[in-house]
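Source file: model-v9.csv. Holds: CSV, C-alpha atoms.
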```
chain,number,residue,atom,x,y,z
Z,1,MET,CA,5.9,1.3,-34.1
Z,2,ALA,CA,8.6,-1.3,-33.4
Z,3,GLY,CA,10.2,-1.5,-30.0
Z,4,VAL,CA,13.7,-0.2,-29.5
Z,5,THR,CA,16.3,-2.9,-30.1
Z,6,LEU,CA,19.7,-3.2,-28.7
Z,7,ARG,CA,22.9,-4.8,-29.9
Z,8,ILE,CA,25.0,-7.0,-27.6
Z,9,GLY,CA,27.4,-4.2,-26.7
Z,10,GLU,CA,24.6,-1.9,-25.5
Z,11,LEU,CA,23.0,-4.8,-23.6
Z,12,SER,CA,26.3,-5.5,-22.0
Z,13,ARG,CA,26.8,-1.8,-21.0
Z,14,ARG,CA,23.3,-1.6,-19.5
Z,15,THR,CA,23.5,-4.8,-17.5
Z,16,GLY,CA,27.1,-5.2,-16.6
Z,17,ALA,CA,27.2,-8.7,-18.2
Z,18,SER,CA,30.0,-9.2,-20.7
Z,19,PRO,CA,29.2,-10.0,-24.3
Z,20,ARG,CA,30.7,-13.4,-23.7
Z,21,ALA,CA,28.3,-14.0,-20.8
Z,22,LEU,CA,25.4,-12.8,-22.9
Z,23,ARG,CA,26.3,-15.4,-25.6
Z,24,TYR,CA,26.6,-18.0,-22.9
Z,25,TYR,CA,23.1,-17.1,-21.5
Z,26,GLU,CA,21.8,-17.6,-25.0
Z,27,GLU,CA,23.5,-21.0,-25.4
Z,28,GLN,CA,21.9,-22.0,-22.1
Z,29,GLY,CA,18.4,-21.0,-23.4
Z,30,LEU,CA,18.1,-18.1,-20.9
Z,31,LEU,CA,18.0,-15.4,-23.6
Z,32,THR,CA,16.5,-15.7,-27.1
Z,33,PRO,CA,17.5,-12.6,-29.1
Z,34,ASP,CA,16.2,-12.0,-32.6
Z,35,ARG,CA,18.8,-12.3,-35.3
Z,36,ARG,CA,19.2,-9.9,-38.2
Z,37,PRO,CA,20.0,-11.2,-41.6
Z,38,GLY,CA,23.7,-10.5,-41.0
Z,39,GLY,CA,23.6,-12.6,-37.9
Z,40,TYR,CA,23.7,-9.7,-35.4
Z,41,ARG,CA,21.7,-10.3,-32.2
Z,42,GLU,CA,18.9,-7.9,-31.4
Z,43,TYR,CA,17.8,-7.5,-27.8
Z,44,THR,CA,14.8,-5.6,-26.3
Z,45,GLU,CA,14.2,-3.8,-23.1
Z,46,ARG,CA,12.7,-7.0,-21.7
Z,47,ASP,CA,16.1,-8.7,-22.3
Z,48,VAL,CA,17.6,-6.0,-20.1
Z,49,VAL,CA,15.3,-7.0,-17.2
Z,50,THR,CA,15.9,-10.7,-17.9
Z,51,VAL,CA,19.7,-10.3,-17.8
Z,52,ARG,CA,19.4,-8.5,-14.5
Z,53,HIS,CA,17.3,-11.4,-13.2
Z,54,ILE,CA,19.9,-13.9,-14.4
Z,55,ARG,CA,22.7,-12.1,-12.7
Z,56,THR,CA,20.7,-11.8,-9.5
Z,57,LEU,CA,20.0,-15.5,-9.5
Z,58,LEU,CA,23.6,-16.4,-10.4
Z,59,ALA,CA,24.8,-14.2,-7.5
Z,60,ALA,CA,22.3,-16.1,-5.2
Z,61,GLY,CA,24.2,-19.3,-6.1
Z,62,LEU,CA,21.8,-20.8,-8.6
Z,63,GLY,CA,23.2,-22.5,-11.7
Z,64,THR,CA,21.9,-21.9,-15.2
Z,65,VAL,CA,19.8,-25.0,-15.3
Z,66,ALA,CA,17.9,-23.9,-12.1
Z,67,ILE,CA,17.7,-20.3,-13.5
Z,68,ALA,CA,16.1,-21.7,-16.7
Z,69,GLU,CA,13.4,-23.2,-14.5
Z,70,VAL,CA,13.0,-20.1,-12.3
Z,71,LEU,CA,12.8,-17.4,-15.0
Z,72,PRO,CA,9.4,-18.4,-16.5
Z,73,CYS,CA,7.9,-18.6,-13.1
Z,74,ALA,CA,9.2,-15.3,-11.7
Z,75,ILE,CA,7.7,-11.9,-11.7
Z,76,THR,CA,9.2,-8.6,-10.8
Z,77,GLU,CA,7.7,-6.4,-8.2
Z,78,GLU,CA,9.5,-3.1,-7.4
Z,79,GLY,CA,12.8,-4.6,-8.7
Z,80,GLU,CA,12.5,-7.8,-6.7
Z,81,LEU,CA,12.0,-11.3,-8.1
Z,82,LEU,CA,9.0,-13.1,-6.7
Z,83,PRO,CA,7.7,-16.6,-7.4
Z,84,ALA,CA,4.6,-16.8,-9.6
Z,85,CYS,CA,4.4,-20.6,-9.6
Z,86,PRO,CA,3.9,-22.5,-6.3
Z,87,GLU,CA,6.3,-25.2,-7.4
Z,88,LEU,CA,9.0,-22.6,-7.7
Z,89,VAL,CA,9.3,-22.2,-4.0
Z,90,THR,CA,10.0,-25.9,-3.5
Z,91,GLY,CA,12.8,-25.8,-6.0
Z,92,LEU,CA,14.3,-22.7,-4.5
Z,93,THR,CA,14.1,-24.3,-1.1
Z,94,VAL,CA,16.2,-27.2,-2.4
Z,95,GLU,CA,18.7,-24.7,-3.9
Z,96,ARG,CA,18.8,-22.8,-0.6
Z,97,ASP,CA,19.5,-26.0,1.3
Z,98,ARG,CA,22.3,-26.9,-1.1
Z,99,ILE,CA,23.9,-23.5,-0.7
Z,100,THR,CA,23.6,-23.7,3.1
Z,101,GLY,CA,25.3,-27.1,3.0
Z,102,SER,CA,28.1,-25.6,0.9
Z,103,ILE,CA,28.5,-22.8,3.4
Z,104,GLY,CA,28.9,-25.3,6.2
Z,105,GLU,CA,31.5,-27.2,4.3
Z,106,LEU,CA,33.4,-24.0,3.6
Z,107,GLN,CA,33.3,-22.9,7.2
Z,108,GLN,CA,34.7,-26.3,8.2
Z,109,ALA,CA,37.5,-25.9,5.7
Z,110,LEU,CA,38.2,-22.4,6.9
Z,111,GLY,CA,38.4,-23.7,10.5
Z,112,LEU,CA,40.9,-26.4,9.5
Z,113,LEU,CA,43.1,-23.8,7.7
Z,114,GLU,CA,43.0,-21.5,10.7
Z,115,THR,CA,44.1,-24.4,13.0
Z,116,ILE,CA,47.0,-25.3,10.6
Z,117,ILE,CA,48.1,-21.6,10.3
Z,118,THR,CA,47.9,-21.1,14.1
Z,119,ARG,CA,49.9,-24.2,14.8
Z,120,TRP,CA,52.5,-23.3,12.2
Z,121,SER,CA,52.8,-19.8,13.6
Z,122,GLU,CA,53.3,-21.2,17.1
Z,123,GLN,CA,56.0,-23.7,16.0
Z,124,ALA,CA,57.8,-21.5,13.5
Z,125,PRO,CA,59.9,-19.5,16.0
Z,126,ALA,CA,61.0,-22.7,17.8
Z,127,LYS,CA,62.2,-24.3,14.5
Z,128,ALA,CA,63.9,-21.1,13.5
Z,129,SER,CA,66.1,-21.2,16.6
Z,130,LEU,CA,67.4,-24.8,16.0
```

As structure tokens:
Amino acid sequence: MAGVTLRIGELSRRTGASPRALRYYEEQGLLTPDRRPGGYREYTERDVVTVRHIRTLLAAGLGTVAIAEVLPCAITEEGELLPACPELVTGLTVERDRITGSIGELQQALGLLETIITRWSEQAPAKASL
């Protein structure tokens, strides 16, 4: 008996990823659906899990190139992604450090904006009375 197949709309509904995003994941080599003779994509239950993993990793700040490296070396245990290849942890550590650096830069930018806004607010009443 053949496994149940899903069309792109059903996969989208079940994963929360738009059909456009699913096509993008395919372009990036993250998904490889079968194609029917008419060109329709056919997905499996395994693709549902894969798309959920992709979305989790995107939300964690990884790009699609990094995700393409992570997916083959990741296993799922009780809904959590866990590394199955030792080299995966090294790559994820690099990604974590990159994200941490970005957070630091954003916090500095936020601090500068807060300073500008505060100074503007303090000077605005004085300028208005001129």

Among the residues Z:Leu30, Z:Gln107, Z:Glu45, Z:Ile99, the one that comes closest to Ala59 in chain Z [using all atoms listed in the file]
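Result for the nearest residue to Ala59 in chain Z: Z:Ile99.
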
Nearest to Thr93 in chain Z: which of Z:Ala124, Z:Ala74, Z:Leu62, Z:Leu31 is it, counting all atoms listed in the file?
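That would be Z:Leu62, the residue with the smallest distance to Thr93 in chain Z.
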
Nearest to Gln28 in chain Z by atom-to-atom distance, counting only C-alpha atoms, from Z:Ser121, Z:Thr76, Z:Thr64, Z:Thr100:
Z:Thr64

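Here CA of Ile67 in chain Z and CA of His53 in chain Z stand 8.9 Å from one another.
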
Of the candidates Z:Val48, Z:Val65, Z:Leu92, Z:Leu82, which shows the shortest atom-to-atom distance to Leu6 in chain Z, using all atoms listed in the file?
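Using all atoms listed in the file, Leu6 in chain Z sits closest to Z:Val48.
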
Name the residues in contact with Ala21 in chain Z at a cut-off of 12 Å, using all atoms listed in the file, excluding same-chain residues fewer than 5 positions from it; report them as number ranges by chain.
Z: 8-9, 11-12, 15-16, 26-28, 30-31, 51, 54-55, 58, 64

Write the selection just made, keeping C-alpha atoms, as a PDB file, in the coordinates of the input?
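Saved to result_36.pdb:
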```
ATOM      1  CA  ILE Z   8      25.000  -7.000 -27.600  1.00  0.00           C
ATOM      2  CA  GLY Z   9      27.400  -4.200 -26.700  1.00  0.00           C
ATOM      3  CA  LEU Z  11      23.000  -4.800 -23.600  1.00  0.00           C
ATOM      4  CA  SER Z  12      26.300  -5.500 -22.000  1.00  0.00           C
ATOM      5  CA  THR Z  15      23.500  -4.800 -17.500  1.00  0.00           C
ATOM      6  CA  GLY Z  16      27.100  -5.200 -16.600  1.00  0.00           C
ATOM      7  CA  GLU Z  26      21.800 -17.600 -25.000  1.00  0.00           C
ATOM      8  CA  GLU Z  27      23.500 -21.000 -25.400  1.00  0.00           C
ATOM      9  CA  GLN Z  28      21.900 -22.000 -22.100  1.00  0.00           C
ATOM     10  CA  LEU Z  30      18.100 -18.100 -20.900  1.00  0.00           C
ATOM     11  CA  LEU Z  31      18.000 -15.400 -23.600  1.00  0.00           C
ATOM     12  CA  VAL Z  51      19.700 -10.300 -17.800  1.00  0.00           C
ATOM     13  CA  ILE Z  54      19.900 -13.900 -14.400  1.00  0.00           C
ATOM     14  CA  ARG Z  55      22.700 -12.100 -12.700  1.00  0.00           C
ATOM     15  CA  LEU Z  58      23.600 -16.400 -10.400  1.00  0.00           C
ATOM     16  CA  THR Z  64      21.900 -21.900 -15.200  1.00  0.00           C
TER      17      THR Z  64
END
```

Pick from Z:Arg13, Z:Thr50, Z:Trp120, Z:Gly61 nearest to Asp97 in chain Z, counting only C-alpha atoms
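Nearest candidate to Asp97 in chain Z out of Z:Arg13, Z:Thr50, Z:Trp120, Z:Gly61: Z:Gly61.
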
Find the residue from Z:Ala66, Z:Leu22, Z:Gly3, Z:Leu81 that sits nearest to Arg96 in chain Z; use only C-alpha atoms when measuring.
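Checking each candidate against Arg96 in chain Z, we get Z:Ala66 as the closest.
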
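Of note, CA of Thr56 in chain Z and CA of Gly39 in chain Z are spaced 28.6 Å apart.
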
Can you tell me how far CA of Arg98 in chain Z sits from CA of Cys85 in chain Z, in Å to one decimal?
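The value is 20.8 Å.
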